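Have a look at work_8.cif; it's mmCIF, N, CA and C atoms:
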data_data
loop_
_atom_site.label_atom_id
_atom_site.label_comp_id
_atom_site.auth_asym_id
_atom_site.auth_seq_id
_atom_site.Cartn_x
_atom_site.Cartn_y
_atom_site.Cartn_z
N MET N 805 18.18 -6.49 -19.20
CA MET N 805 17.35 -5.48 -19.82
C MET N 805 15.87 -5.77 -19.55
N PHE N 806 15.42 -6.99 -19.83
CA PHE N 806 14.03 -7.36 -19.58
C PHE N 806 13.69 -7.26 -18.10
N GLN N 807 14.65 -7.69 -17.25
CA GLN N 807 14.44 -7.61 -15.80
C GLN N 807 14.29 -6.17 -15.34
N ASP N 808 15.05 -5.26 -15.96
CA ASP N 808 14.96 -3.85 -15.61
C ASP N 808 13.58 -3.29 -15.94
N VAL N 809 13.04 -3.70 -17.08
CA VAL N 809 11.71 -3.23 -17.49
C VAL N 809 10.64 -3.78 -16.55
N VAL N 810 10.74 -5.05 -16.21
CA VAL N 810 9.77 -5.66 -15.30
C VAL N 810 9.83 -4.98 -13.93
N LEU N 811 11.04 -4.73 -13.45
CA LEU N 811 11.20 -4.07 -12.16
C LEU N 811 10.60 -2.66 -12.18
N LYS N 812 10.83 -1.93 -13.26
CA LYS N 812 10.28 -0.58 -13.37
C LYS N 812 8.75 -0.62 -13.42
N VAL N 813 8.18 -1.58 -14.12
CA VAL N 813 6.73 -1.72 -14.17
C VAL N 813 6.17 -1.99 -12.78
N ILE N 814 6.80 -2.88 -12.05
CA ILE N 814 6.33 -3.20 -10.70
C ILE N 814 6.52 -2.01 -9.76
N ALA N 815 7.68 -1.40 -9.79
CA ALA N 815 8.02 -0.33 -8.84
C ALA N 815 7.29 0.98 -9.13
N ASP N 816 7.02 1.27 -10.40
CA ASP N 816 6.42 2.54 -10.78
C ASP N 816 4.98 2.42 -11.27
N TYR N 817 4.75 1.56 -12.23
CA TYR N 817 3.48 1.56 -12.94
C TYR N 817 2.38 0.70 -12.30
N MET N 818 2.74 -0.21 -11.41
CA MET N 818 1.71 -1.00 -10.75
C MET N 818 0.87 -0.13 -9.80
N VAL N 819 1.37 1.04 -9.49
CA VAL N 819 0.62 1.99 -8.66
C VAL N 819 -0.68 2.39 -9.36
N ILE N 820 -0.64 2.50 -10.68
CA ILE N 820 -1.80 2.99 -11.44
C ILE N 820 -3.02 2.10 -11.29
N PRO N 821 -2.92 0.77 -11.50
CA PRO N 821 -4.13 -0.04 -11.31
C PRO N 821 -4.62 -0.06 -9.87
N ILE N 822 -3.71 0.09 -8.92
CA ILE N 822 -4.14 0.14 -7.51
C ILE N 822 -4.98 1.39 -7.28
N ILE N 823 -4.51 2.53 -7.75
CA ILE N 823 -5.25 3.77 -7.60
C ILE N 823 -6.57 3.72 -8.35
N LEU N 824 -6.55 3.20 -9.57
CA LEU N 824 -7.79 3.09 -10.35
C LEU N 824 -8.82 2.21 -9.65
N THR N 825 -8.36 1.12 -9.06
CA THR N 825 -9.27 0.24 -8.32
C THR N 825 -9.89 0.98 -7.15
N GLY N 826 -9.07 1.70 -6.40
CA GLY N 826 -9.60 2.49 -5.29
C GLY N 826 -10.59 3.53 -5.77
N GLY N 827 -10.29 4.19 -6.87
CA GLY N 827 -11.20 5.19 -7.43
C GLY N 827 -12.53 4.59 -7.86
N ILE N 828 -12.47 3.44 -8.49
CA ILE N 828 -13.71 2.77 -8.92
C ILE N 828 -14.54 2.38 -7.71
N VAL N 829 -13.89 1.85 -6.69
CA VAL N 829 -14.61 1.50 -5.46
C VAL N 829 -15.31 2.72 -4.90
N LEU N 830 -14.62 3.85 -4.84
CA LEU N 830 -15.23 5.07 -4.30
C LEU N 830 -16.35 5.60 -5.19
N LEU N 831 -16.22 5.42 -6.50
CA LEU N 831 -17.29 5.87 -7.40
C LEU N 831 -18.53 5.00 -7.30
N LEU N 832 -18.36 3.75 -6.88
CA LEU N 832 -19.49 2.83 -6.78
C LEU N 832 -20.23 2.91 -5.44
N VAL N 833 -19.74 3.76 -4.56
CA VAL N 833 -20.41 3.94 -3.26
C VAL N 833 -21.79 4.54 -3.52
N PRO N 834 -22.84 3.97 -2.91
CA PRO N 834 -24.19 4.52 -3.10
C PRO N 834 -24.23 6.01 -2.73
N ALA N 835 -25.01 6.77 -3.46
CA ALA N 835 -25.09 8.23 -3.27
C ALA N 835 -25.39 8.61 -1.83
N LYS N 836 -26.20 7.81 -1.17
CA LYS N 836 -26.59 8.10 0.21
C LYS N 836 -25.39 8.10 1.17
N GLN N 837 -24.40 7.27 0.87
CA GLN N 837 -23.22 7.12 1.75
C GLN N 837 -21.99 7.85 1.21
N ARG N 838 -22.09 8.39 0.01
CA ARG N 838 -20.91 8.92 -0.68
C ARG N 838 -20.16 9.98 0.12
N TYR N 839 -20.84 10.98 0.65
CA TYR N 839 -20.16 12.06 1.38
C TYR N 839 -19.37 11.50 2.57
N HIS N 840 -20.01 10.64 3.33
CA HIS N 840 -19.37 10.05 4.51
C HIS N 840 -18.14 9.22 4.12
N VAL N 841 -18.29 8.38 3.12
CA VAL N 841 -17.20 7.50 2.69
C VAL N 841 -16.05 8.32 2.09
N TRP N 842 -16.36 9.27 1.23
CA TRP N 842 -15.32 10.08 0.60
C TRP N 842 -14.60 10.94 1.63
N ALA N 843 -15.34 11.47 2.59
CA ALA N 843 -14.71 12.30 3.64
C ALA N 843 -13.72 11.47 4.46
N ARG N 844 -14.13 10.27 4.82
CA ARG N 844 -13.23 9.41 5.60
C ARG N 844 -12.02 8.97 4.78
N ALA N 845 -12.23 8.70 3.51
CA ALA N 845 -11.11 8.33 2.64
C ALA N 845 -10.12 9.48 2.52
N THR N 846 -10.63 10.68 2.34
CA THR N 846 -9.77 11.86 2.25
C THR N 846 -9.00 12.07 3.56
N LEU N 847 -9.71 11.96 4.68
CA LEU N 847 -9.06 12.12 5.98
C LEU N 847 -7.99 11.06 6.22
N THR N 848 -8.24 9.85 5.74
CA THR N 848 -7.24 8.79 5.89
C THR N 848 -5.96 9.15 5.14
N GLY N 849 -6.12 9.59 3.90
CA GLY N 849 -4.94 9.98 3.12
C GLY N 849 -4.19 11.14 3.74
N LEU N 850 -4.93 12.16 4.18
CA LEU N 850 -4.29 13.33 4.79
C LEU N 850 -3.62 12.99 6.12
N THR N 851 -4.25 12.13 6.89
CA THR N 851 -3.67 11.71 8.17
C THR N 851 -2.39 10.91 7.94
N ALA N 852 -2.41 10.02 6.96
CA ALA N 852 -1.21 9.24 6.63
C ALA N 852 -0.08 10.16 6.20
N LEU N 853 -0.41 11.17 5.40
CA LEU N 853 0.60 12.12 4.97
C LEU N 853 1.15 12.91 6.15
N LEU N 854 0.29 13.31 7.06
CA LEU N 854 0.73 14.01 8.26
C LEU N 854 1.68 13.14 9.08
N PHE N 855 1.31 11.88 9.30
CA PHE N 855 2.18 10.96 10.03
C PHE N 855 3.53 10.84 9.33
N ALA N 856 3.50 10.73 8.00
CA ALA N 856 4.74 10.59 7.24
C ALA N 856 5.64 11.82 7.41
N LYS N 857 5.04 12.98 7.35
CA LYS N 857 5.84 14.20 7.50
C LYS N 857 6.41 14.31 8.91
N ILE N 858 5.65 13.90 9.90
CA ILE N 858 6.14 13.96 11.28
C ILE N 858 7.32 13.00 11.48
N ILE N 859 7.18 11.74 11.03
CA ILE N 859 8.28 10.80 11.26
C ILE N 859 9.50 11.13 10.41
N SER N 860 9.29 11.81 9.28
CA SER N 860 10.44 12.18 8.45
C SER N 860 11.31 13.23 9.13
N LEU N 861 10.76 13.91 10.13
CA LEU N 861 11.55 14.89 10.88
C LEU N 861 12.59 14.22 11.77
N PHE N 862 12.35 12.96 12.10
CA PHE N 862 13.22 12.26 13.04
C PHE N 862 14.23 11.33 12.40
N TYR N 863 14.03 11.00 11.13
CA TYR N 863 14.96 10.08 10.47
C TYR N 863 15.07 10.44 9.00
N GLN N 864 16.28 10.55 8.52
CA GLN N 864 16.54 10.73 7.10
C GLN N 864 17.80 9.96 6.75
N GLY N 865 17.70 9.13 5.77
CA GLY N 865 18.86 8.39 5.30
C GLY N 865 19.09 8.67 3.84
N GLU N 866 20.12 8.08 3.29
CA GLU N 866 20.37 8.21 1.86
C GLU N 866 19.63 7.12 1.11
N ARG N 867 19.33 7.43 -0.13
CA ARG N 867 18.73 6.39 -0.97
C ARG N 867 19.81 5.37 -1.33
N PRO N 868 19.43 4.09 -1.43
CA PRO N 868 20.43 3.04 -1.69
C PRO N 868 21.26 3.25 -2.96
N PHE N 869 20.62 3.72 -4.05
CA PHE N 869 21.38 3.90 -5.28
C PHE N 869 22.46 4.98 -5.12
N GLU N 870 22.20 5.96 -4.25
CA GLU N 870 23.20 7.00 -3.99
C GLU N 870 24.37 6.43 -3.19
N THR N 871 24.04 5.63 -2.20
CA THR N 871 25.07 5.01 -1.37
C THR N 871 25.95 4.08 -2.21
N LEU N 872 25.33 3.34 -3.12
CA LEU N 872 26.06 2.37 -3.94
C LEU N 872 26.71 3.00 -5.16
N GLY N 873 26.32 4.22 -5.51
CA GLY N 873 26.88 4.89 -6.68
C GLY N 873 26.43 4.29 -8.00
N VAL N 874 25.16 3.84 -8.05
CA VAL N 874 24.60 3.25 -9.27
C VAL N 874 23.37 4.05 -9.69
N ASP N 875 22.85 3.73 -10.87
CA ASP N 875 21.63 4.38 -11.34
C ASP N 875 20.42 3.73 -10.68
N PRO N 876 19.40 4.54 -10.36
CA PRO N 876 18.18 3.97 -9.78
C PRO N 876 17.40 3.19 -10.83
N GLY N 877 16.67 2.20 -10.38
CA GLY N 877 15.88 1.37 -11.29
C GLY N 877 14.43 1.81 -11.40
N ALA N 878 14.07 2.93 -10.76
CA ALA N 878 12.69 3.42 -10.81
C ALA N 878 12.72 4.93 -10.59
N ALA N 879 11.58 5.54 -10.84
CA ALA N 879 11.45 6.99 -10.66
C ALA N 879 11.53 7.35 -9.18
N PHE N 880 12.03 8.56 -8.92
CA PHE N 880 12.12 9.02 -7.53
C PHE N 880 12.14 10.54 -7.53
N LEU N 881 11.79 11.10 -6.40
CA LEU N 881 11.90 12.54 -6.19
C LEU N 881 13.23 12.84 -5.51
N PRO N 882 13.79 14.00 -5.75
CA PRO N 882 15.07 14.31 -5.12
C PRO N 882 14.91 14.71 -3.65
N ASN N 883 14.56 13.73 -2.84
CA ASN N 883 14.46 13.93 -1.40
C ASN N 883 15.02 12.68 -0.72
N PRO N 884 15.20 12.69 0.60
CA PRO N 884 15.80 11.52 1.26
C PRO N 884 15.00 10.22 1.12
N GLY N 885 13.71 10.29 0.93
CA GLY N 885 12.94 9.08 0.63
C GLY N 885 12.31 8.36 1.81
N PHE N 886 12.45 8.89 3.01
CA PHE N 886 11.79 8.24 4.15
C PHE N 886 10.65 9.10 4.62
N PRO N 887 9.47 8.52 4.78
CA PRO N 887 9.03 7.20 4.33
C PRO N 887 8.67 7.22 2.86
N SER N 888 8.51 6.07 2.28
CA SER N 888 8.21 5.94 0.86
C SER N 888 6.81 6.46 0.55
N ASP N 889 6.74 7.44 -0.36
CA ASP N 889 5.44 7.95 -0.79
C ASP N 889 4.66 6.90 -1.58
N HIS N 890 5.36 6.10 -2.37
CA HIS N 890 4.68 5.06 -3.14
C HIS N 890 4.01 4.05 -2.20
N ALA N 891 4.76 3.60 -1.20
CA ALA N 891 4.20 2.64 -0.24
C ALA N 891 3.05 3.27 0.52
N LEU N 892 3.21 4.51 0.94
CA LEU N 892 2.15 5.22 1.65
C LEU N 892 0.88 5.24 0.81
N LEU N 893 1.00 5.64 -0.45
CA LEU N 893 -0.16 5.77 -1.31
C LEU N 893 -0.87 4.43 -1.55
N VAL N 894 -0.12 3.41 -1.92
CA VAL N 894 -0.78 2.13 -2.24
C VAL N 894 -1.38 1.48 -1.01
N PHE N 895 -0.75 1.64 0.14
CA PHE N 895 -1.33 1.06 1.35
C PHE N 895 -2.53 1.86 1.85
N VAL N 896 -2.53 3.17 1.64
CA VAL N 896 -3.73 3.97 1.96
C VAL N 896 -4.90 3.48 1.12
N VAL N 897 -4.68 3.31 -0.17
CA VAL N 897 -5.76 2.84 -1.05
C VAL N 897 -6.23 1.46 -0.62
N THR N 898 -5.31 0.57 -0.33
CA THR N 898 -5.67 -0.78 0.10
C THR N 898 -6.50 -0.75 1.39
N CYS N 899 -6.08 0.05 2.34
CA CYS N 899 -6.83 0.16 3.61
C CYS N 899 -8.22 0.75 3.40
N ILE N 900 -8.32 1.76 2.55
CA ILE N 900 -9.62 2.37 2.27
C ILE N 900 -10.56 1.36 1.60
N VAL N 901 -10.04 0.65 0.61
CA VAL N 901 -10.88 -0.35 -0.07
C VAL N 901 -11.35 -1.40 0.92
N TRP N 902 -10.48 -1.86 1.80
CA TRP N 902 -10.91 -2.83 2.81
C TRP N 902 -11.99 -2.24 3.71
N ALA N 903 -11.77 -1.01 4.19
CA ALA N 903 -12.72 -0.38 5.11
C ALA N 903 -14.07 -0.14 4.46
N VAL N 904 -14.07 0.20 3.18
CA VAL N 904 -15.31 0.52 2.49
C VAL N 904 -16.06 -0.74 2.05
N THR N 905 -15.34 -1.75 1.57
CA THR N 905 -16.01 -2.91 0.98
C THR N 905 -16.03 -4.15 1.87
N LYS N 906 -15.05 -4.30 2.73
CA LYS N 906 -14.84 -5.54 3.51
C LYS N 906 -14.71 -6.76 2.60
N ASN N 907 -14.35 -6.51 1.33
CA ASN N 907 -14.18 -7.57 0.36
C ASN N 907 -12.78 -8.16 0.53
N LYS N 908 -12.71 -9.38 1.07
CA LYS N 908 -11.42 -10.01 1.36
C LYS N 908 -10.62 -10.29 0.10
N THR N 909 -11.28 -10.72 -0.96
CA THR N 909 -10.57 -11.05 -2.20
C THR N 909 -9.95 -9.80 -2.82
N LEU N 910 -10.76 -8.78 -3.02
CA LEU N 910 -10.26 -7.54 -3.63
C LEU N 910 -9.19 -6.91 -2.75
N SER N 911 -9.42 -6.85 -1.46
CA SER N 911 -8.44 -6.27 -0.54
C SER N 911 -7.16 -7.09 -0.52
N GLY N 912 -7.29 -8.40 -0.60
CA GLY N 912 -6.12 -9.28 -0.64
C GLY N 912 -5.29 -9.06 -1.89
N VAL N 913 -5.95 -8.92 -3.03
CA VAL N 913 -5.25 -8.65 -4.28
C VAL N 913 -4.51 -7.31 -4.19
N LEU N 914 -5.20 -6.30 -3.65
CA LEU N 914 -4.56 -4.99 -3.49
C LEU N 914 -3.40 -5.06 -2.50
N LEU N 915 -3.54 -5.84 -1.45
CA LEU N 915 -2.46 -6.00 -0.49
C LEU N 915 -1.23 -6.63 -1.14
N VAL N 916 -1.44 -7.67 -1.91
CA VAL N 916 -0.32 -8.32 -2.61
C VAL N 916 0.32 -7.35 -3.60
N ALA N 917 -0.50 -6.59 -4.33
CA ALA N 917 0.03 -5.61 -5.27
C ALA N 917 0.80 -4.51 -4.54
N SER N 918 0.31 -4.09 -3.39
CA SER N 918 0.99 -3.05 -2.61
C SER N 918 2.33 -3.55 -2.09
N ILE N 919 2.36 -4.78 -1.65
CA ILE N 919 3.63 -5.37 -1.21
C ILE N 919 4.60 -5.49 -2.38
N ALA N 920 4.07 -5.86 -3.55
CA ALA N 920 4.93 -5.96 -4.75
C ALA N 920 5.51 -4.60 -5.12
N VAL N 921 4.70 -3.55 -5.08
CA VAL N 921 5.21 -2.20 -5.36
C VAL N 921 6.32 -1.86 -4.37
N SER N 922 6.08 -2.13 -3.10
CA SER N 922 7.06 -1.82 -2.07
C SER N 922 8.36 -2.59 -2.28
N LEU N 923 8.25 -3.87 -2.56
CA LEU N 923 9.44 -4.68 -2.84
C LEU N 923 10.15 -4.19 -4.09
N GLY N 924 9.37 -3.81 -5.08
CA GLY N 924 9.94 -3.28 -6.32
C GLY N 924 10.74 -2.01 -6.07
N ARG N 925 10.24 -1.15 -5.19
CA ARG N 925 10.96 0.09 -4.84
C ARG N 925 12.29 -0.23 -4.16
N VAL N 926 12.29 -1.26 -3.33
CA VAL N 926 13.53 -1.67 -2.65
C VAL N 926 14.49 -2.30 -3.67
N LEU N 927 14.00 -3.20 -4.51
CA LEU N 927 14.86 -3.86 -5.49
C LEU N 927 15.39 -2.88 -6.54
N ALA N 928 14.65 -1.81 -6.80
CA ALA N 928 15.08 -0.78 -7.75
C ALA N 928 16.09 0.18 -7.11
N LEU N 929 16.36 -0.04 -5.84
CA LEU N 929 17.35 0.73 -5.07
C LEU N 929 16.97 2.20 -4.86
N VAL N 930 15.67 2.50 -4.91
CA VAL N 930 15.26 3.87 -4.60
C VAL N 930 14.80 4.01 -3.15
N HIS N 931 14.57 2.88 -2.48
CA HIS N 931 14.18 2.90 -1.07
C HIS N 931 14.84 1.75 -0.32
N THR N 932 14.96 1.95 0.97
CA THR N 932 15.40 0.88 1.86
C THR N 932 14.14 0.16 2.37
N PRO N 933 14.30 -1.02 2.94
CA PRO N 933 13.13 -1.67 3.54
C PRO N 933 12.48 -0.79 4.61
N GLN N 934 13.27 -0.04 5.37
CA GLN N 934 12.71 0.85 6.40
C GLN N 934 11.83 1.94 5.77
N ASP N 935 12.21 2.43 4.59
CA ASP N 935 11.42 3.47 3.91
C ASP N 935 10.02 2.96 3.56
N VAL N 936 9.95 1.76 2.98
CA VAL N 936 8.64 1.26 2.56
C VAL N 936 7.83 0.78 3.76
N ILE N 937 8.48 0.24 4.76
CA ILE N 937 7.77 -0.15 5.98
C ILE N 937 7.22 1.09 6.67
N GLY N 938 8.00 2.16 6.70
CA GLY N 938 7.52 3.42 7.27
C GLY N 938 6.30 3.95 6.55
N GLY N 939 6.32 3.91 5.23
CA GLY N 939 5.16 4.37 4.45
C GLY N 939 3.93 3.52 4.70
N ALA N 940 4.13 2.21 4.73
CA ALA N 940 3.01 1.30 4.98
C ALA N 940 2.44 1.49 6.38
N LEU N 941 3.31 1.64 7.36
CA LEU N 941 2.83 1.82 8.75
C LEU N 941 2.07 3.14 8.92
N CYS N 942 2.53 4.19 8.27
CA CYS N 942 1.79 5.47 8.32
C CYS N 942 0.39 5.30 7.75
N ALA N 943 0.27 4.58 6.65
CA ALA N 943 -1.02 4.35 6.02
C ALA N 943 -1.93 3.51 6.92
N ILE N 944 -1.39 2.44 7.45
CA ILE N 944 -2.18 1.55 8.30
C ILE N 944 -2.61 2.26 9.59
N LEU N 945 -1.71 2.99 10.20
CA LEU N 945 -2.04 3.74 11.42
C LEU N 945 -3.13 4.78 11.14
N ALA N 946 -3.00 5.46 10.01
CA ALA N 946 -4.03 6.46 9.65
C ALA N 946 -5.38 5.80 9.46
N ALA N 947 -5.41 4.65 8.78
CA ALA N 947 -6.68 3.95 8.57
C ALA N 947 -7.29 3.51 9.90
N ILE N 948 -6.46 3.03 10.80
CA ILE N 948 -6.95 2.63 12.12
C ILE N 948 -7.54 3.84 12.85
N CYS N 949 -6.86 4.97 12.77
CA CYS N 949 -7.36 6.18 13.46
C CYS N 949 -8.68 6.67 12.86
N ILE N 950 -8.81 6.63 11.57
CA ILE N 950 -10.00 7.19 10.92
C ILE N 950 -11.17 6.21 10.91
N TYR N 951 -10.86 4.93 10.70
CA TYR N 951 -11.95 3.96 10.62
C TYR N 951 -12.13 3.23 11.94
#
Show the structure stored in the file as structure tokens.
Amino acid sequence: MFQDVVLKVIADYMVIPIILTGGIVLLLVPAKQRYHVWARATLTGLTALLFAKIISLFYQGERPFETLGVDPGAAFLPNPGFPSDHALLVFVVTCIVWAVTKNKTLSGVLLVASIAVSLGRVLALVHTPQDVIGGALCAILAAICIY
């Protein structure tokens, strides 16, 4: 029971502090640079989403909890799940924070948290490792293209 709650917190709710951290970083951008930084951040997210939609056309699998016939351990949308939207989102935020701040400590903490969310999604049986790797790669590729 306790393990289920911890897993749900990691897989679902750890996304919130990651997003809040990214939002705070973007709010702290000096006014002179704000338009440029926000535009690139928006483009990074949209590009990652575009990449995700394109690769989802070529591969769709079942979610692990469906294959195993068990209840999922985290929230999910009723779609095939490739690539993972949670992984995509947290890795986009992590990449943007790195690109904007170059702060190794903050970016490292966000990277560890993003990996934890991704692992949590796999352990909760809502995604396969390929799903979360696909989401992370879309985010990283988008950041490379934009920054």
**Study point:** Nearby residues (only C-alpha atoms) at most 9 Å from N:Gly849, same-chain spacing under 3 positions excluded, as an NGL selection string
**Key:** :N and (844-846 or 852-854 or 892-893 or 896-897 or 900 or 943 or 946-947)
Starting from 3 Å padding per side, set up an axis-aligned box that covers all listed atoms of stretch 904-908 of chain N and hand over centre and edge lengths in Å, one decimal, as JSON.
{"center_x": -13.3, "center_y": -4.9, "center_z": 1.8, "size_x": 11.4, "size_y": 16.8, "size_z": 9.4}
Point to revise | For N:Leu923: contacts at 9 Å, only C-alpha atoms, fewer than 2 positions along chain excluded, given as an MDAnalysis selection string | key: chainID N and resid 814:815 918:921 925:928 933 936
Quick one: residues within 8 Å of N:Leu914, all atoms listed in the file, excluding same-chain residues fewer than 5 positions away - as an mmCIF file with N, CA and C atoms, in the frame of the given file?
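Output (around-v7.cif):
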data_model
loop_
_atom_site.group_PDB
_atom_site.id
_atom_site.type_symbol
_atom_site.label_atom_id
_atom_site.label_comp_id
_atom_site.auth_asym_id
_atom_site.auth_seq_id
_atom_site.Cartn_x
_atom_site.Cartn_y
_atom_site.Cartn_z
ATOM 1 N N ILE N 822 -3.710 0.090 -8.920
ATOM 2 C CA ILE N 822 -4.140 0.140 -7.510
ATOM 3 C C ILE N 822 -4.980 1.390 -7.280
ATOM 4 N N VAL N 894 -0.120 3.410 -1.920
ATOM 5 C CA VAL N 894 -0.780 2.130 -2.240
ATOM 6 C C VAL N 894 -1.380 1.480 -1.010
ATOM 7 N N PHE N 895 -0.750 1.640 0.140
ATOM 8 C CA PHE N 895 -1.330 1.060 1.350
ATOM 9 C C PHE N 895 -2.530 1.860 1.850
ATOM 10 N N VAL N 897 -4.680 3.310 -0.170
ATOM 11 C CA VAL N 897 -5.760 2.840 -1.050
ATOM 12 C C VAL N 897 -6.230 1.460 -0.620
ATOM 13 N N THR N 898 -5.310 0.570 -0.330
ATOM 14 C CA THR N 898 -5.670 -0.780 0.100
ATOM 15 C C THR N 898 -6.500 -0.750 1.390
ATOM 16 N N CYS N 899 -6.080 0.050 2.340
ATOM 17 C CA CYS N 899 -6.830 0.160 3.610
ATOM 18 C C CYS N 899 -8.220 0.750 3.400
ATOM 19 N N LYS N 908 -12.710 -9.380 1.070
ATOM 20 C CA LYS N 908 -11.420 -10.010 1.360
ATOM 21 C C LYS N 908 -10.620 -10.290 0.100
ATOM 22 N N THR N 909 -11.280 -10.720 -0.960
ATOM 23 C CA THR N 909 -10.570 -11.050 -2.200
ATOM 24 C C THR N 909 -9.950 -9.800 -2.820
ATOM 25 N N ILE N 919 2.360 -4.780 -1.650
ATOM 26 C CA ILE N 919 3.630 -5.370 -1.210
ATOM 27 C C ILE N 919 4.600 -5.490 -2.380
ATOM 28 N N ALA N 920 4.070 -5.860 -3.550
ATOM 29 C CA ALA N 920 4.930 -5.960 -4.750
ATOM 30 C C ALA N 920 5.510 -4.600 -5.120
#
**Study point:** Which residue of N:Gly877, N:Gly865, N:Ile859, N:Trp902 approaches N:Val810 most closely, using only C-alpha atoms
**Key:**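 Under the stated criterion, the closest residue is N:Gly877.
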Exercise for review: Run DSSP on the backbone of this structure and report the residues of chain N it assigns to alpha helix (DSSP H), as an MDAnalysis selection string.
Suggested key: chainID N and resid 806:812 819:831 835:860 868:872 889:905 908:927 933:950
Review point. In terms of the shortest atom-to-atom distance over only C-alpha atoms, which of N:Ala903, N:Ile820, N:Leu910, N:Ile950 is closest to N:Thr848?
Key: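 Of all the options, N:Ile950 lies closest to N:Thr848.
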Review point. Which residue out of N:Pro882, N:Pro887, N:Gly912, N:Pro876 has the minimum interatomic distance to N:Leu929 when all atoms listed in the file are used?
Key: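 Result for the nearest residue to N:Leu929: N:Pro876.
Note that the spacing between atom N of N:Tyr863 and atom C of N:Phe886 amounts to 7.6 Å.
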**Study point:** Best match for closeness to N:Phe855 among N:Thr825, N:Ile948, N:Val930, N:Leu941, counting only C-alpha atoms
**Key:**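 Closest candidate: N:Leu941.
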Review point. Nearest to N:Cys942: which of N:Ala917, N:Thr851, N:Lys906, N:Arg867 is it, counting only N, CA and C atoms?
Key: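 Closest to N:Cys942, using only N, CA and C atoms: N:Thr851.
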Point to revise | Shortest interatomic distance to N:Ser888 - which of N:Thr871, N:Gln864, N:His840, N:Ala940, counting all atoms listed in the file | key: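 Looking only at the distances to N:Ser888, the closest residue turns out to be N:Ala940.
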Practice item. Have a look at atom CA of N:Ser911 and atom C of N:Ser860 and let me know their distance in Å, one decimal. Key: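 Going from atom CA of N:Ser911 over to atom C of N:Ser860, I get 29.4 Å.
For the pair atom CA of N:Ile828 and atom C of N:His890, the interatomic distance is 19.0 Å.
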Kindly complete stretch 882-893 of chain N to N, CA, C and O atoms; the output should be written as an mmCIF file, in the coordinates of the input.
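Dumped to out.cif:
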data_model
loop_
_atom_site.group_PDB
_atom_site.id
_atom_site.type_symbol
_atom_site.label_atom_id
_atom_site.label_comp_id
_atom_site.auth_asym_id
_atom_site.auth_seq_id
_atom_site.Cartn_x
_atom_site.Cartn_y
_atom_site.Cartn_z
ATOM 1 N N PRO N 882 13.790 14.000 -5.750
ATOM 2 C CA PRO N 882 15.070 14.310 -5.120
ATOM 3 C C PRO N 882 14.910 14.710 -3.650
ATOM 4 O O PRO N 882 15.048 15.854 -3.268
ATOM 5 N N ASN N 883 14.560 13.730 -2.840
ATOM 6 C CA ASN N 883 14.460 13.930 -1.400
ATOM 7 C C ASN N 883 15.020 12.680 -0.720
ATOM 8 O O ASN N 883 15.293 11.695 -1.398
ATOM 9 N N PRO N 884 15.200 12.690 0.600
ATOM 10 C CA PRO N 884 15.800 11.520 1.260
ATOM 11 C C PRO N 884 15.000 10.220 1.120
ATOM 12 O O PRO N 884 15.557 9.147 1.217
ATOM 13 N N GLY N 885 13.710 10.290 0.930
ATOM 14 C CA GLY N 885 12.940 9.080 0.630
ATOM 15 C C GLY N 885 12.310 8.360 1.810
ATOM 16 O O GLY N 885 11.700 7.312 1.621
ATOM 17 N N PHE N 886 12.450 8.890 3.010
ATOM 18 C CA PHE N 886 11.790 8.240 4.150
ATOM 19 C C PHE N 886 10.650 9.100 4.620
ATOM 20 O O PHE N 886 10.832 10.275 4.878
ATOM 21 N N PRO N 887 9.470 8.520 4.780
ATOM 22 C CA PRO N 887 9.030 7.200 4.330
ATOM 23 C C PRO N 887 8.670 7.220 2.860
ATOM 24 O O PRO N 887 8.517 8.284 2.260
ATOM 25 N N SER N 888 8.510 6.070 2.280
ATOM 26 C CA SER N 888 8.210 5.940 0.860
ATOM 27 C C SER N 888 6.810 6.460 0.550
ATOM 28 O O SER N 888 5.817 5.979 1.107
ATOM 29 N N ASP N 889 6.740 7.440 -0.360
ATOM 30 C CA ASP N 889 5.440 7.950 -0.790
ATOM 31 C C ASP N 889 4.660 6.900 -1.580
ATOM 32 O O ASP N 889 3.429 6.840 -1.471
ATOM 33 N N HIS N 890 5.360 6.100 -2.370
ATOM 34 C CA HIS N 890 4.680 5.060 -3.140
ATOM 35 C C HIS N 890 4.010 4.050 -2.200
ATOM 36 O O HIS N 890 2.849 3.687 -2.380
ATOM 37 N N ALA N 891 4.760 3.600 -1.200
ATOM 38 C CA ALA N 891 4.200 2.640 -0.240
ATOM 39 C C ALA N 891 3.050 3.270 0.520
ATOM 40 O O ALA N 891 2.004 2.637 0.714
ATOM 41 N N LEU N 892 3.210 4.510 0.940
ATOM 42 C CA LEU N 892 2.150 5.220 1.650
ATOM 43 C C LEU N 892 0.880 5.240 0.810
ATOM 44 O O LEU N 892 -0.205 4.883 1.292
ATOM 45 N N LEU N 893 1.000 5.640 -0.450
ATOM 46 C CA LEU N 893 -0.160 5.770 -1.310
ATOM 47 C C LEU N 893 -0.870 4.430 -1.550
ATOM 48 O O LEU N 893 -2.091 4.329 -1.372
#
